[in-house]
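File shown: coords-v1.txt (compact mmCIF, C-alpha atoms).
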```txt
# COMPACT_ATOMS: atom_id res chain seq x y z
CA MET R 78 4.05 -7.83 -22.90
CA SER R 79 1.43 -5.14 -23.29
CA VAL R 80 -2.28 -5.61 -23.87
CA GLU R 81 -2.99 -2.55 -25.98
CA GLU R 82 -6.77 -2.85 -26.29
CA PRO R 83 -9.24 -3.82 -23.54
CA ALA R 84 -10.22 -7.50 -23.51
CA ARG R 85 -12.41 -9.71 -21.31
CA SER R 86 -9.87 -12.50 -21.37
CA CYS R 87 -6.14 -12.60 -22.02
CA SER R 88 -3.44 -15.20 -22.63
CA ILE R 89 -0.92 -15.22 -19.84
CA SER R 90 2.34 -17.01 -19.28
CA VAL R 91 3.56 -17.41 -15.72
CA GLU R 92 6.35 -19.42 -14.17
CA VAL R 93 5.22 -21.10 -10.96
CA ASN R 94 7.79 -22.98 -8.87
CA GLY R 95 9.95 -23.34 -12.00
CA ASP R 96 7.21 -24.66 -14.32
CA VAL R 97 5.81 -22.44 -17.07
CA TYR R 98 2.03 -22.30 -17.49
CA ASP R 99 0.38 -20.74 -20.55
CA ARG R 100 -3.32 -20.17 -20.04
CA GLU R 101 -6.23 -18.06 -21.25
CA VAL R 102 -7.84 -16.37 -18.24
CA ASP R 103 -10.77 -14.04 -17.65
CA ALA R 104 -9.64 -10.53 -16.74
CA ARG R 105 -11.78 -10.72 -13.59
CA ARG R 106 -10.09 -13.90 -12.32
CA LEU R 107 -8.16 -13.43 -9.08
CA LEU R 108 -4.61 -14.79 -9.04
CA VAL R 109 -5.40 -17.00 -6.04
CA HIS R 110 -8.14 -18.78 -8.02
CA PHE R 111 -5.78 -19.24 -10.96
CA ILE R 112 -3.22 -20.84 -8.63
CA ARG R 113 -5.67 -23.06 -6.75
CA ASP R 114 -8.24 -23.98 -9.42
CA ASP R 115 -6.51 -23.60 -12.82
CA ILE R 116 -3.13 -25.11 -12.01
CA ASP R 117 -4.23 -27.11 -8.95
CA LEU R 118 -1.72 -25.80 -6.42
CA THR R 119 -4.06 -25.83 -3.43
CA GLY R 120 -1.37 -25.18 -0.82
CA THR R 121 -2.11 -21.45 -1.20
CA HIS R 122 -5.17 -20.82 0.96
CA ILE R 123 -8.06 -18.37 0.82
CA GLY R 124 -8.89 -17.07 4.27
CA CYS R 125 -10.66 -13.73 4.42
CA ASP R 126 -10.61 -12.84 0.70
CA THR R 127 -10.34 -9.17 1.70
CA GLY R 128 -6.57 -8.74 1.90
CA ASN R 129 -6.34 -8.91 5.66
CA CYS R 130 -5.38 -12.45 6.68
CA GLY R 131 -2.42 -13.29 4.44
CA ALA R 132 -3.29 -17.00 4.01
CA CYS R 133 -2.96 -16.47 0.22
CA THR R 134 0.59 -15.03 0.43
CA ILE R 135 2.89 -16.01 -2.44
CA HIS R 136 6.09 -14.59 -3.90
CA LEU R 137 5.67 -12.57 -7.08
CA ASP R 138 9.05 -11.88 -8.66
CA GLY R 139 10.65 -12.50 -5.29
CA VAL R 140 8.45 -10.36 -3.04
CA ALA R 141 5.62 -11.42 -0.76
CA VAL R 142 2.16 -10.40 -2.00
CA LYS R 143 -1.40 -11.40 -1.22
CA SER R 144 -2.71 -13.32 -4.22
CA CYS R 145 -6.37 -12.48 -3.44
CA MET R 146 -5.61 -8.81 -4.19
CA LEU R 147 -4.18 -9.39 -7.67
CA LEU R 148 -5.79 -10.36 -10.92
CA ALA R 149 -4.25 -13.33 -12.68
CA VAL R 150 -3.68 -11.13 -15.76
CA GLN R 151 -1.47 -8.84 -13.65
CA ALA R 152 0.91 -11.76 -13.09
CA ASP R 153 1.54 -12.24 -16.81
CA GLY R 154 5.27 -12.73 -17.34
CA ALA R 155 6.00 -13.04 -13.62
CA LYS R 156 7.86 -15.68 -11.64
CA ILE R 157 5.72 -17.00 -8.82
CA ALA R 158 6.68 -19.16 -5.86
CA THR R 159 4.04 -20.89 -3.77
CA VAL R 160 4.34 -22.99 -0.62
CA GLU R 161 4.68 -26.12 -2.76
CA GLY R 162 7.97 -24.71 -4.06
CA LEU R 163 9.57 -24.52 -0.61
CA ALA R 164 10.35 -28.25 -0.42
CA PRO R 165 11.30 -29.25 -3.94
CA ILE R 166 12.21 -32.84 -3.02
CA ASP R 167 9.11 -34.83 -2.08
CA GLY R 168 8.94 -35.64 1.59
CA GLU R 169 11.84 -33.43 2.58
CA LEU R 170 11.02 -30.19 4.39
CA SER R 171 13.00 -26.98 4.00
CA PRO R 172 14.91 -25.78 7.10
CA LEU R 173 12.13 -23.22 7.72
CA GLN R 174 9.43 -25.89 7.52
CA GLN R 175 11.45 -28.17 9.81
CA SER R 176 11.73 -25.31 12.27
CA PHE R 177 7.95 -24.75 12.17
CA SER R 178 7.49 -28.44 12.97
CA ALA R 179 10.12 -28.46 15.73
CA HIS R 180 8.67 -25.34 17.41
CA HIS R 181 5.05 -26.46 17.15
CA ALA R 182 4.44 -23.33 15.06
CA LEU R 183 1.17 -24.63 13.64
CA GLN R 184 -2.01 -25.80 15.23
CA CYS R 185 -4.88 -25.98 12.73
CA GLY R 186 -2.40 -25.16 9.93
CA TYR R 187 -4.69 -22.95 7.88
CA CYS R 188 -2.47 -19.87 8.07
CA THR R 189 0.75 -21.88 7.70
CA PRO R 190 1.30 -21.59 3.91
CA GLY R 191 1.02 -17.80 4.17
CA MET R 192 3.22 -17.67 7.28
CA LEU R 193 5.88 -19.76 5.52
CA MET R 194 5.84 -17.56 2.42
CA SER R 195 6.09 -14.32 4.44
CA ALA R 196 8.87 -15.81 6.58
CA SER R 197 10.81 -17.17 3.60
CA ALA R 198 10.62 -13.76 1.88
CA LEU R 199 12.10 -12.21 5.03
CA LEU R 200 14.86 -14.84 5.33
CA ALA R 201 15.84 -14.40 1.67
CA GLN R 202 16.54 -10.70 2.36
CA ASN R 203 17.67 -10.98 5.94
CA PRO R 204 19.09 -14.40 6.88
CA ARG R 205 19.38 -13.58 10.60
CA PRO R 206 16.24 -11.66 11.55
CA SER R 207 15.61 -10.36 15.05
CA GLU R 208 12.37 -11.15 16.86
CA GLU R 209 11.10 -7.66 16.00
CA GLU R 210 11.93 -8.16 12.30
CA ALA R 211 10.18 -11.54 12.29
CA ARG R 212 7.10 -9.98 13.87
CA THR R 213 7.05 -7.18 11.29
CA ALA R 214 7.39 -9.73 8.46
CA ILE R 215 4.28 -11.65 9.55
CA GLN R 216 2.22 -8.62 10.53
CA GLY R 217 0.06 -9.20 7.45
CA ASN R 218 -0.61 -12.82 8.39
CA ILE R 219 -3.31 -13.69 10.88
CA CYS R 220 -3.23 -16.90 12.94
CA ARG R 221 -6.57 -17.42 14.71
CA CYS R 222 -5.13 -20.22 16.85
CA THR R 223 -2.98 -17.30 18.12
CA GLY R 224 0.22 -19.34 17.89
CA TYR R 225 2.36 -16.30 17.11
CA VAL R 226 4.96 -16.90 19.82
CA ASN R 227 5.96 -20.28 18.39
CA ILE R 228 5.84 -19.00 14.81
CA VAL R 229 8.19 -16.13 15.69
CA GLU R 230 10.53 -18.54 17.53
CA ALA R 231 10.55 -20.86 14.52
CA ILE R 232 11.53 -18.02 12.17
CA VAL R 233 14.21 -16.52 14.43
CA SER R 234 15.82 -19.87 15.21
CA VAL R 235 16.21 -20.73 11.50
CA GLY R 236 18.28 -17.57 11.27
CA GLU R 237 20.40 -18.60 14.23
CA GLY R 238 21.04 -21.94 12.60
CA ALA R 239 22.13 -20.35 9.32
CA MET F 44 -14.32 -14.16 -4.97
CA LEU F 45 -15.79 -13.85 -8.44
CA LEU F 46 -15.64 -10.25 -9.64
CA ARG F 47 -18.11 -8.66 -12.00
CA GLU F 48 -16.94 -9.00 -15.61
CA VAL F 49 -14.38 -6.41 -16.56
CA GLU F 50 -12.15 -5.63 -19.50
CA TYR F 51 -8.41 -5.29 -19.03
CA ALA F 52 -5.68 -3.45 -20.89
CA ARG F 53 -1.99 -3.07 -20.10
CA PRO F 54 -0.61 -0.19 -22.15
CA SER F 55 3.09 0.28 -22.73
CA SER F 56 3.13 4.09 -22.75
CA VAL F 57 1.60 6.92 -20.72
CA ASP F 58 0.07 8.28 -23.95
CA ASP F 59 -1.73 4.98 -24.53
CA ALA F 60 -2.87 4.82 -20.91
CA VAL F 61 -4.41 8.31 -21.13
CA ARG F 62 -5.99 7.47 -24.50
CA LEU F 63 -7.56 4.30 -23.04
CA LEU F 64 -8.84 6.14 -19.94
CA ALA F 65 -10.33 8.91 -22.08
CA SER F 66 -11.88 6.73 -24.78
CA HIS F 67 -13.68 4.15 -22.63
CA GLU F 68 -16.54 5.10 -20.38
CA GLY F 69 -16.16 3.46 -16.99
CA ALA F 70 -12.41 3.01 -17.40
CA ARG F 71 -10.27 3.15 -14.31
CA ALA F 72 -6.53 3.13 -13.71
CA LEU F 73 -5.23 0.05 -11.86
CA ALA F 74 -2.07 0.75 -9.87
CA GLY F 75 -1.13 -1.73 -7.12
CA GLY F 76 -4.74 -2.86 -6.71
CA GLN F 77 -4.56 -3.03 -2.91
CA THR F 78 -7.69 -0.87 -2.61
CA LEU F 79 -9.32 -1.19 -6.02
CA VAL F 80 -9.48 -5.00 -6.15
CA ASN F 81 -11.12 -5.04 -2.73
CA VAL F 82 -13.69 -2.39 -3.56
CA MET F 83 -14.46 -4.34 -6.74
CA LYS F 84 -15.08 -7.44 -4.60
CA ALA F 85 -17.44 -5.43 -2.40
CA ARG F 86 -19.11 -4.07 -5.58
CA ALA F 87 -18.45 -0.60 -4.17
CA ALA F 88 -16.82 0.13 -7.53
CA SER F 89 -17.54 -1.66 -10.78
CA PRO F 90 -15.24 -0.34 -13.47
CA ASP F 91 -15.92 -1.57 -17.01
CA VAL F 92 -12.30 -1.32 -18.11
CA LEU F 93 -9.14 -1.60 -16.02
CA VAL F 94 -6.07 0.16 -17.35
CA ASP F 95 -3.10 -1.55 -15.69
CA LEU F 96 -0.22 0.92 -15.19
CA SER F 97 2.33 -1.73 -14.20
CA ARG F 98 4.34 -1.57 -17.43
CA LEU F 99 4.84 2.22 -17.27
CA GLU F 100 8.33 2.19 -15.79
CA GLU F 101 8.60 6.00 -16.00
CA LEU F 102 5.86 6.23 -13.34
CA ARG F 103 8.00 4.27 -10.84
CA ALA F 104 10.95 6.67 -10.72
CA ILE F 105 11.89 8.57 -7.57
CA THR F 106 14.18 11.47 -8.45
CA VAL F 107 15.59 14.66 -6.97
CA SER F 108 16.13 17.67 -9.17
CA GLY F 109 17.18 20.93 -7.59
CA ASP F 110 15.06 21.44 -4.50
CA THR F 111 12.23 19.09 -5.52
CA LEU F 112 11.75 15.40 -4.72
CA GLN F 113 9.55 13.79 -7.35
CA LEU F 114 7.84 10.46 -6.72
CA GLY F 115 6.28 8.64 -9.65
CA ALA F 116 2.66 7.69 -9.03
CA MET F 117 3.52 3.97 -9.28
CA ALA F 118 6.29 4.07 -6.64
CA THR F 119 5.39 1.48 -4.00
CA TYR F 120 5.57 2.03 -0.23
CA THR F 121 8.41 -0.53 -0.07
CA GLN F 122 10.29 1.43 -2.75
CA ILE F 123 9.75 4.71 -0.87
CA MET F 124 11.01 3.10 2.37
CA ALA F 125 14.21 1.91 0.65
CA SER F 126 14.83 4.99 -1.52
CA SER F 127 18.08 6.86 -0.84
CA GLU F 128 16.55 9.90 -2.61
CA VAL F 129 13.70 9.96 -0.08
CA ASP F 130 16.12 9.38 2.79
CA VAL F 131 18.26 12.39 1.88
CA SER F 132 15.50 14.72 0.76
CA ARG F 133 12.30 14.10 2.79
CA PRO F 134 12.67 11.10 5.13
CA ILE F 135 9.22 11.50 6.73
CA LEU F 136 7.75 9.93 3.57
CA ALA F 137 9.65 6.69 4.25
CA GLU F 138 8.74 6.77 7.96
CA VAL F 139 5.04 7.08 7.19
CA ALA F 140 5.13 4.55 4.31
CA ALA F 141 6.51 2.03 6.83
CA GLN F 142 3.36 2.49 8.96
CA ILE F 143 0.92 1.56 6.20
CA ALA F 144 -0.73 -1.89 6.56
CA ASP F 145 1.77 -4.77 6.26
CA VAL F 146 4.71 -6.04 4.20
CA GLN F 147 2.63 -7.62 1.44
CA VAL F 148 0.45 -4.52 0.98
CA ARG F 149 3.52 -2.24 1.07
CA ASN F 150 5.10 -4.36 -1.69
CA ARG F 151 2.18 -3.62 -4.05
CA GLY F 152 0.50 -0.43 -2.81
CA THR F 153 1.55 2.84 -4.46
CA ILE F 154 1.69 6.52 -3.51
CA GLY F 155 -0.54 7.29 -6.50
CA GLY F 156 -3.14 4.75 -5.45
CA ASN F 157 -3.11 6.05 -1.89
CA VAL F 158 -3.76 9.67 -2.87
CA CYS F 159 -6.17 8.93 -5.74
CA SER F 160 -8.37 6.69 -3.59
CA ASN F 161 -8.45 9.55 -1.05
CA ASP F 162 -10.01 7.52 1.71
CA PRO F 163 -10.20 9.95 4.67
CA THR F 164 -8.33 7.37 6.82
CA ASN F 165 -5.36 7.16 4.42
CA HIS F 166 -1.98 8.29 5.72
CA LEU F 167 -0.60 10.17 2.73
CA PRO F 168 -3.29 12.81 2.04
CA PRO F 169 -2.74 14.70 5.33
CA LEU F 170 1.04 14.20 5.12
CA LEU F 171 1.24 15.62 1.60
CA VAL F 172 -0.95 18.61 2.53
CA ALA F 173 1.31 19.37 5.51
CA LEU F 174 4.45 19.11 3.36
CA GLY F 175 3.04 21.43 0.69
CA ALA F 176 3.23 18.78 -2.06
CA SER F 177 1.93 19.19 -5.58
CA MET F 178 0.53 16.66 -8.03
CA THR F 179 1.14 16.43 -11.78
CA ILE F 180 -1.88 15.22 -13.74
CA ARG F 181 -1.93 14.25 -17.41
CA GLY F 182 -5.02 14.52 -19.55
CA ALA F 183 -5.89 14.73 -23.22
CA ASP F 184 -4.92 18.43 -23.20
CA GLY F 185 -1.51 17.89 -21.64
CA GLU F 186 -0.09 18.16 -18.14
CA ARG F 187 -1.17 20.34 -15.26
CA SER F 188 -0.02 20.72 -11.70
CA VAL F 189 -2.22 21.24 -8.64
CA THR F 190 -1.31 21.74 -4.99
CA ALA F 191 -2.19 19.01 -2.50
CA GLU F 192 -4.79 21.35 -0.99
CA GLU F 193 -6.51 21.64 -4.37
CA PHE F 194 -6.03 17.95 -5.18
CA PHE F 195 -8.22 16.39 -2.48
CA LEU F 196 -11.84 17.28 -3.25
CA GLY F 197 -14.00 14.85 -1.30
CA VAL F 198 -14.29 11.30 -0.02
CA TYR F 199 -12.78 9.11 -2.79
CA LEU F 200 -12.72 12.21 -4.99
CA THR F 201 -9.68 14.09 -6.30
CA ALA F 202 -8.72 16.58 -8.98
CA VAL F 203 -7.89 13.67 -11.31
CA GLY F 204 -10.89 13.81 -13.62
CA GLU F 205 -12.30 11.25 -16.02
CA GLY F 206 -9.80 10.39 -18.72
CA GLU F 207 -6.91 11.78 -16.66
CA LEU F 208 -3.95 10.12 -14.98
CA LEU F 209 -1.86 11.14 -11.98
CA LEU F 210 1.79 11.05 -13.08
CA SER F 211 3.74 12.10 -10.01
CA VAL F 212 3.80 13.75 -6.62
CA SER F 213 6.40 16.47 -5.92
CA VAL F 214 7.55 17.49 -2.46
CA PRO F 215 10.00 20.28 -1.54
CA ALA F 216 13.34 18.61 -0.72
CA ALA F 217 14.62 19.36 2.76
CA ALA F 218 16.96 16.82 4.31
CA ARG F 219 16.66 18.21 7.83
CA ALA F 220 13.02 19.13 7.52
CA ALA F 221 11.11 19.32 10.80
CA ASP F 222 8.28 16.94 9.91
CA GLY F 223 6.16 14.69 12.11
CA PHE F 224 3.27 12.26 11.80
CA ALA F 225 1.11 10.86 14.59
CA SER F 226 -1.89 8.59 14.43
CA ILE F 227 -4.22 6.49 16.53
CA THR F 228 -4.79 3.22 14.68
CA ILE F 229 -6.82 0.03 14.96
CA GLY F 230 -3.96 -2.25 15.93
CA ARG F 231 -0.35 -1.45 15.09
CA ASP F 232 -0.06 0.01 11.57
CA GLY F 233 -3.80 -0.51 11.12
CA THR F 234 -6.45 1.83 9.76
CA CYS F 235 -6.23 5.34 11.24
CA ILE F 236 -8.97 6.47 13.62
CA ALA F 237 -7.31 9.89 13.78
CA SER F 238 -4.11 11.22 12.27
CA ALA F 239 -2.10 14.41 11.96
CA ALA F 240 0.95 15.44 9.97
CA ALA F 241 3.03 18.48 10.87
CA SER F 242 5.77 20.42 9.19
CA ILE F 243 7.65 23.32 10.77
CA SER F 244 9.50 25.76 8.54
CA GLU F 245 10.46 29.43 8.52
CA GLY F 246 7.02 30.15 7.14
CA GLY F 247 5.38 28.70 10.25
CA THR F 248 3.81 25.43 11.33
CA ARG F 249 1.47 23.52 9.05
CA ILE F 250 -0.68 20.76 10.53
CA ALA F 251 -2.97 18.61 8.39
CA LEU F 252 -5.56 16.49 10.18
CA GLY F 253 -6.79 13.20 8.74
CA CYS F 254 -9.98 11.19 9.46
CA VAL F 255 -11.96 14.24 10.62
CA ASP F 256 -13.48 15.42 7.36
CA ALA F 257 -13.83 14.39 3.70
CA VAL F 258 -10.44 15.92 2.95
CA PRO F 259 -7.41 16.76 5.12
CA VAL F 260 -8.02 19.83 7.28
CA LEU F 261 -5.12 22.30 7.27
CA VAL F 262 -4.47 24.12 10.53
CA THR F 263 -1.81 26.81 10.99
CA PRO F 264 -1.37 27.63 14.68
CA LYS F 265 0.00 31.07 15.61
CA ALA F 266 2.06 29.53 18.41
CA ALA F 267 3.46 26.01 18.06
CA ASP F 268 3.29 25.17 21.79
CA GLU F 269 0.68 22.73 23.08
CA ALA F 270 -1.83 25.42 24.03
CA GLY F 271 -1.44 27.12 20.67
CA ILE F 272 -1.94 23.87 18.76
CA ARG F 273 -5.02 22.89 20.80
CA GLU F 274 -6.49 26.35 20.28
CA ALA F 275 -5.91 26.13 16.52
CA VAL F 276 -7.49 22.65 16.27
CA ALA F 277 -10.46 23.83 18.36
CA GLY F 278 -10.78 26.84 16.06
CA ALA F 279 -11.11 24.58 13.01
CA GLY F 280 -14.69 23.78 14.04
CA LEU F 281 -14.30 20.05 13.35
CA GLU F 282 -17.43 17.91 13.01
CA PRO F 283 -15.76 14.52 12.46
CA PRO F 284 -17.79 11.42 11.58
CA SER F 285 -18.90 9.04 14.31
CA ASP F 286 -18.40 5.29 13.92
CA VAL F 287 -17.80 2.13 15.97
CA HIS F 288 -14.21 3.16 16.63
CA ALA F 289 -14.77 6.71 17.82
CA SER F 290 -17.66 9.08 18.41
CA THR F 291 -17.60 12.60 16.97
CA ASP F 292 -16.46 14.09 20.29
CA TYR F 293 -13.80 11.46 20.89
CA ARG F 294 -12.41 11.77 17.36
CA ARG F 295 -12.26 15.56 17.79
CA HIS F 296 -10.31 14.98 21.00
CA LEU F 297 -7.95 12.54 19.24
CA ALA F 298 -7.36 15.02 16.42
CA ALA F 299 -5.93 17.51 18.93
CA VAL F 300 -3.82 14.79 20.60
CA CYS F 301 -2.38 13.71 17.25
CA ALA F 302 -1.72 17.31 16.25
CA VAL F 303 0.26 17.97 19.45
CA ARG F 304 2.26 14.74 19.03
CA ALA F 305 3.01 15.41 15.35
CA VAL F 306 4.31 18.90 16.11
CA GLN F 307 6.41 17.62 19.03
CA GLN F 308 7.96 15.00 16.74
CA ALA F 309 8.63 17.64 14.09
CA ALA F 310 10.22 20.00 16.61
CA GLU F 311 12.54 17.25 17.91
CA LYS F 312 13.71 16.44 14.39
CA GLY F 313 14.30 20.10 13.57
CA ARG F 314 16.64 20.55 16.50
```
Written as structure tokens, how would this file's structure read?
Amino acid sequence: MSVEEPARSCSISVEVNGDVYDREVDARRLLVHFIRDDIDLTGTHIGCDTGNCGACTIHLDGVAVKSCMLLAVQADGAKIATVEGLAPIDGELSPLQQSFSAHHALQCGYCTPGMLMSASALLAQNPRPSEEEARTAIQGNICRCTGYVNIVEAIVSVGEGA
Amino acid sequence: MLLREVEYARPSSVDDAVRLLASHEGARALAGGQTLVNVMKARAASPDVLVDLSRLEELRAITVSGDTLQLGAMATYTQIMASSEVDVSRPILAEVAAQIADVQVRNRGTIGGNVCSNDPTNHLPPLLVALGASMTIRGADGERSVTAEEFFLGVYLTAVGEGELLLSVSVPAAARAADGFASITIGRDGTCIASAAASISEGGTRIALGCVDAVPVLVTPKAADEAGIREAVAGAGLEPPSDVHASTDYRRHLAAVCAVRAVQQAAEKGR
């Protein structure tokens, strides 16, 4: 839908993890704040808030994007997936999440939602990624515990299991 | 982060986008937002009205007609990397797009945003100068075309004036073009400290240096061997900026290194 004349706030409709949300949002509101504060999906993290760290990574119409570098109004009409959508059945982890657990691919866990969303975007396109491809996929995600080796192993081994 | 208040419009036609940009003072085009949203956070830019170009599908097209490859201003880096048109008509564009930032940024960032922001560390301004690209700009009085050399005017400043919109970037198609790009970056695929793009054709060798001045510096060496390239770069009288990553002297040194590497790459591809 178009917004033909400039407005300070707009009605948006977005589908997040299969649920449709209709909300009025300020034009200046970042998508990450909409996700965390307006619809209470706090699994998506804010790390640097400058587009570097990737903790806020989500899928927008199937591709990985950093939700701190989008306005909520830009997501109008889009389908969004957040980390909460990876394990639809309560208590049951997706194969990727199980692999992260098995490979000790998280320490403090702050970067994990973003890592999982970047990795799942890769696996959706490329079910058997090489180590190099896994590293490229998470290049925009920073882990300050520096656990990259285990994260890369977790991603590659999911592919081997597929 | 809470941004300063801003108005937002999402037009459904290029005509409406140009009308909105021209009729509102402080209006700015919003492409992928991978630079603009961050500069708005830093209050380095405070547009009053954002004109979101995301619904203008005609600005996303990548087409080849005759001997020209045309990239719509809203084509993303990811789209350029995957485009068969780019692959058959000027593959260096895909190679360089793949070196910009990371997957998430490449999924949103656009060629139009990259050239219109004209940050001296951006990859595409020197590349497009070396390739002899041209830009099509639409304003209230219709369309005009400018060469890449005329397009980049200063730091964050281009030929796209107030109330105007960049529609597309055109590059001469040449499947086996001898093009190269070399850079020294902060981390792999990070911000460029120095960069150079080179293109070798029958008309000679064109090298465009990034990061050394407000706009790409075009150098055309008489001889395309290492000595000739170094002499040409030295002859450009560069006075590059000094910062925490490189002093003026060191950046001048890196400019020559990148130029030599870019031409070597180009020569290997042209074989």
Please, which residues of chain F lie no more than 7 Å from chain R when the count uses all atoms listed in the file, and can they be set out as a PyMOL selection string? chain F and resi 44-55+76-77+80-81+92+145-148+150
So which residues touch segment 89-97 of chain R within 8 Å, counting only C-alpha atoms, skipping near sequence neighbours fewer than 2 positions away, as a PyMOL selection string? chain R and resi 87+99-102+150+152-159+161-162
Leaving out Thr228 of chain F and any residue of its chain fewer than 6 positions from it, which residues lie within 9 Å of it when counting only C-alpha atoms, given as a VMD selection string? chain F and resid 234 to 238
Let me have the centre and edge lengths in Å, one decimal, of the box along x, y and z around every listed atom of segment 184-200 of chain F with 4 Å of margin on each side, as AutoDock Vina command-line options.
```
--center_x -7.2 --center_y 15.4 --center_z -11.6 --size_x 22.3 --size_y 20.6 --size_z 31.2
```
Which residue gives the smallest distance to Ala141 of chain F among F:Glu282, F:Glu186, F:Ala87, F:Ala125, with all atoms listed in the file counted? F:Ala125
Can you tell me which residues surround Leu209 of chain F at a distance of at most 12 Å, considering only C-alpha atoms, apart from same-chain residues fewer than 2 positions away, and format the answer as a short mmCIF file (atom, residue, chain, number, x, y, z; two decimals) with C-alpha atoms, in the coordinates of the input?
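Output file around29.cif is given in full below:
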```cif
data_model
loop_
_atom_site.label_atom_id
_atom_site.label_comp_id
_atom_site.auth_asym_id
_atom_site.auth_seq_id
_atom_site.Cartn_x
_atom_site.Cartn_y
_atom_site.Cartn_z
CA VAL F 57 1.60 6.92 -20.72
CA ALA F 60 -2.87 4.82 -20.91
CA VAL F 61 -4.41 8.31 -21.13
CA LEU F 64 -8.84 6.14 -19.94
CA ARG F 71 -10.27 3.15 -14.31
CA ALA F 72 -6.53 3.13 -13.71
CA LEU F 73 -5.23 0.05 -11.86
CA ALA F 74 -2.07 0.75 -9.87
CA LEU F 96 -0.22 0.92 -15.19
CA LEU F 102 5.86 6.23 -13.34
CA LEU F 114 7.84 10.46 -6.72
CA GLY F 115 6.28 8.64 -9.65
CA ALA F 116 2.66 7.69 -9.03
CA MET F 117 3.52 3.97 -9.28
CA THR F 153 1.55 2.84 -4.46
CA ILE F 154 1.69 6.52 -3.51
CA GLY F 155 -0.54 7.29 -6.50
CA GLY F 156 -3.14 4.75 -5.45
CA ASN F 157 -3.11 6.05 -1.89
CA VAL F 158 -3.76 9.67 -2.87
CA CYS F 159 -6.17 8.93 -5.74
CA SER F 160 -8.37 6.69 -3.59
CA SER F 177 1.93 19.19 -5.58
CA MET F 178 0.53 16.66 -8.03
CA THR F 179 1.14 16.43 -11.78
CA ILE F 180 -1.88 15.22 -13.74
CA ARG F 181 -1.93 14.25 -17.41
CA GLY F 182 -5.02 14.52 -19.55
CA GLY F 185 -1.51 17.89 -21.64
CA GLU F 186 -0.09 18.16 -18.14
CA ARG F 187 -1.17 20.34 -15.26
CA SER F 188 -0.02 20.72 -11.70
CA VAL F 189 -2.22 21.24 -8.64
CA PHE F 194 -6.03 17.95 -5.18
CA THR F 201 -9.68 14.09 -6.30
CA ALA F 202 -8.72 16.58 -8.98
CA VAL F 203 -7.89 13.67 -11.31
CA GLY F 204 -10.89 13.81 -13.62
CA GLU F 205 -12.30 11.25 -16.02
CA GLY F 206 -9.80 10.39 -18.72
CA GLU F 207 -6.91 11.78 -16.66
CA SER F 211 3.74 12.10 -10.01
CA VAL F 212 3.80 13.75 -6.62
CA SER F 213 6.40 16.47 -5.92
#
```
Need to verify the contact set: Arg212 of chain R, 10 Å, all atoms listed in the file, exclusion of same-chain residues closer than 2 positions in sequence. Can you return it as a JSON list (two decimals) with C-alpha atoms, in the coordinates of the input?
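Result saved to around21.json:
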```json
[["chain", "number", "residue", "atom", "x", "y", "z"],
["R", 196, "ALA", "CA", 8.87, -15.81, 6.58],
["R", 206, "PRO", "CA", 16.24, -11.66, 11.55],
["R", 207, "SER", "CA", 15.61, -10.36, 15.05],
["R", 208, "GLU", "CA", 12.37, -11.15, 16.86],
["R", 209, "GLU", "CA", 11.10, -7.66, 16.00],
["R", 210, "GLU", "CA", 11.93, -8.16, 12.30],
["R", 214, "ALA", "CA", 7.39, -9.73, 8.46],
["R", 215, "ILE", "CA", 4.28, -11.65, 9.55],
["R", 216, "GLN", "CA", 2.22, -8.62, 10.53],
["R", 217, "GLY", "CA", 0.06, -9.20, 7.45],
["R", 218, "ASN", "CA", -0.61, -12.82, 8.39],
["R", 225, "TYR", "CA", 2.36, -16.30, 17.11],
["R", 226, "VAL", "CA", 4.96, -16.90, 19.82],
["R", 228, "ILE", "CA", 5.84, -19.00, 14.81],
["R", 229, "VAL", "CA", 8.19, -16.13, 15.69],
["R", 230, "GLU", "CA", 10.53, -18.54, 17.53],
["R", 232, "ILE", "CA", 11.53, -18.02, 12.17],
["R", 233, "VAL", "CA", 14.21, -16.52, 14.43]]
```
Spatial neighbours of Ala298 of chain F, max dist 7 Å, all atoms listed in the file, sep filter under 2 positions, as a PyMOL selection string: chain F and resi 237-239+252+294-296+300-302
How many Å lie between atom CA of His67 of chain F and atom CA of Glu100 of chain F, rounded to one decimal?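 Between these atoms lies a distance of 23.1 Å.
One distance worth recording is that between atom CA of Leu173 of chain R and atom CA of Gly224 of chain R, which is 16.1 Å.
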Got a sec to check which residues sit within 12 Å of (-8.2, -19.9, 12.5), counting all atoms listed in the file, and write them as a short mmCIF file (atom, residue, chain, number, x, y, z; two decimals) with C-alpha atoms, in the coordinates of the input?
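Saved the output as part-v8.cif:
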```cif
data_model
loop_
_atom_site.label_atom_id
_atom_site.label_comp_id
_atom_site.auth_asym_id
_atom_site.auth_seq_id
_atom_site.Cartn_x
_atom_site.Cartn_y
_atom_site.Cartn_z
CA HIS R 122 -5.17 -20.82 0.96
CA ILE R 123 -8.06 -18.37 0.82
CA GLY R 124 -8.89 -17.07 4.27
CA CYS R 125 -10.66 -13.73 4.42
CA CYS R 130 -5.38 -12.45 6.68
CA GLY R 131 -2.42 -13.29 4.44
CA ALA R 132 -3.29 -17.00 4.01
CA LEU R 183 1.17 -24.63 13.64
CA GLN R 184 -2.01 -25.80 15.23
CA CYS R 185 -4.88 -25.98 12.73
CA GLY R 186 -2.40 -25.16 9.93
CA TYR R 187 -4.69 -22.95 7.88
CA CYS R 188 -2.47 -19.87 8.07
CA THR R 189 0.75 -21.88 7.70
CA ASN R 218 -0.61 -12.82 8.39
CA ILE R 219 -3.31 -13.69 10.88
CA CYS R 220 -3.23 -16.90 12.94
CA ARG R 221 -6.57 -17.42 14.71
CA CYS R 222 -5.13 -20.22 16.85
CA THR R 223 -2.98 -17.30 18.12
CA GLY R 224 0.22 -19.34 17.89
#
```
